[in-house]
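Following: one structure in structure tokens, then a few remarks.
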Amino acid sequence: MSENNSEFAEQFLRYAIERSRYDRDLAERAIRQLPEDKYVAVTGCSLNSIGVLMKHVGGNLKSRFTDFLTTDGEKPWRDRDSEFILVDETPENLWRIWDEGWSAYFHTLNALQVEDLAKTVLIRGMPHDVIEAILRSMTHIGYHVGQIVMVSRQLVGEADWQVLTVKRGGTKAYNQRVWGDESLKPTGDATTDR
């Protein structure tokens, strides 16, 4: 692998880990705003409860990233359909499933070497470059983290919800804290509202 490719691979792995930590933290800050009895509640915007989403993300990550380089990401022991059904699930059990999935994911990402990114892995028998498999999981995580935040926010209610990012109407103050001096503000297309 060339020096440029090696540098890209290192940056990609670092970014994947950092971004995924952010997404996990975002989801967990949303979930922790809920009373545990609301983990099974379903809102009008989603057919999935917080508990189902925790169980599904945890099950998916554990399956995909256990023996990541050597076995198919869809393990024979995984029962995906059961992830969407809660039967006497305790909050402790949901957190255990969630944590096991994230542990498998981060253990694998932290163990990957630069040369591993050029390898091919299988997901449901279909070949994926390692980078593609990681991006696929990051997209999946982001999709469900968005659901977790939306469902949690609806269940908590606007009056009690603790905003997880920049509050509405608070962008100018946030930008001032981040950029400080106006001369440090980025220019060009990066600041154009879209």
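By convention in this document, the chains of the structure tokens carry letters A, B, ... by their order, each chain's residues are numbered from 1, and ligands are numbered from 1 in the order they are shown.
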Open item on the list: Taking 4 positions as the minimum chain separation for residues in the same chain, which residues sit within 12 Å of range 94-99 of chain A when counting only C-alpha atoms? Answer as a PyMOL selection string.
Closed with: chain A and resi 24-25+27-28+31-32+36+39-40+49-63+83+85-90+103-107+141
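Take CA of Tyr174 in chain A and CA of Glu18 in chain A: the distance between them is 21.4 Å.
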Open item on the list: Would you compute the distance between CA of Gln11 in chain A and CA of Ala30 in chain A? Give it in Å to one decimal.
Closed with: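 Taking CA of Gln11 in chain A as the start and CA of Ala30 in chain A as the end point, the length is 28.5 Å.
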Open item on the list: Set the distance at 8 Å and use only C-alpha atoms: which residues neighbour range 156-169 of chain A once local chain neighbours fewer than 3 positions away are removed? I'd like the list as a list in words.
Closed with: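 Counting only the stated atoms, we get Leu26, Arg29, Ala30, Gln33, Leu34, Ser152, Arg153, Lys172 and Tyr174 of chain A.
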Those same residues, written as a compact mmCIF listing (two decimals), in the first residue's frame with C-alpha atoms?
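Now in again-v6.txt:
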```txt
# COMPACT_ATOMS: atom_id res chain seq x y z
CA LEU A 26 -26.05 10.93 20.91
CA ARG A 29 -28.10 10.78 25.78
CA ALA A 30 -31.53 10.58 24.12
CA GLN A 33 -33.85 11.08 29.09
CA LEU A 34 -36.61 8.45 29.11
CA SER A 152 -37.19 9.73 22.55
CA ARG A 153 -37.97 13.38 21.94
CA LYS A 172 -25.40 32.46 16.24
CA TYR A 174 -22.94 28.61 19.18
```
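For the residues A:Arg80, A:Ala16, A:Gly44, A:Thr71, ranking by smallest atom-to-atom distance to Gly125 in chain A using only C-alpha atoms places A:Thr71 first.
Of the listed residues (A:Thr108, A:Thr171, A:Asn5, A:Asn48), A:Thr108 comes nearest to Leu69 in chain A; the distances count only C-alpha atoms.
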Task: Sel. of alpha helix (DSSP H) residues, chain A, as a PyMOL selection string - done: chain A and resi 3-31+50-65+91-111+130-156+171-179
Open item on the list: Calculated over only C-alpha atoms, which of the candidates A:Arg19, A:Arg136, A:Lys119, A:Arg177 has the smallest distance to Arg64 in chain A?
Closed with: A:Arg136
- [ ] Might you pull out every residue within 12 Å of Leu109 in chain A, with only C-alpha atoms counted and same-chain residues fewer than 3 positions away left off, and present them as JSON, numbers by chain?
- [x] {"A": [9, 10, 12, 13, 14, 15, 16, 17, 18, 19, 20, 21, 61, 64, 65, 66, 67, 68, 69, 102, 103, 104, 105, 106, 112, 113, 114, 116, 117, 130, 131, 133, 134, 135, 137, 138]}
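Compared by their closest atoms to His128 in chain A, and using only C-alpha atoms, the residues A:Gly73, A:Ser6, A:Ala41, A:Asn110 rank with A:Gly73 nearest.
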Task: Separation of CA of Glu132 in chain A from CA of Val149 in chain A, in Å and rounded to one decimal - done: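 We find that CA of Glu132 in chain A and CA of Val149 in chain A lie 25.6 Å from each other.
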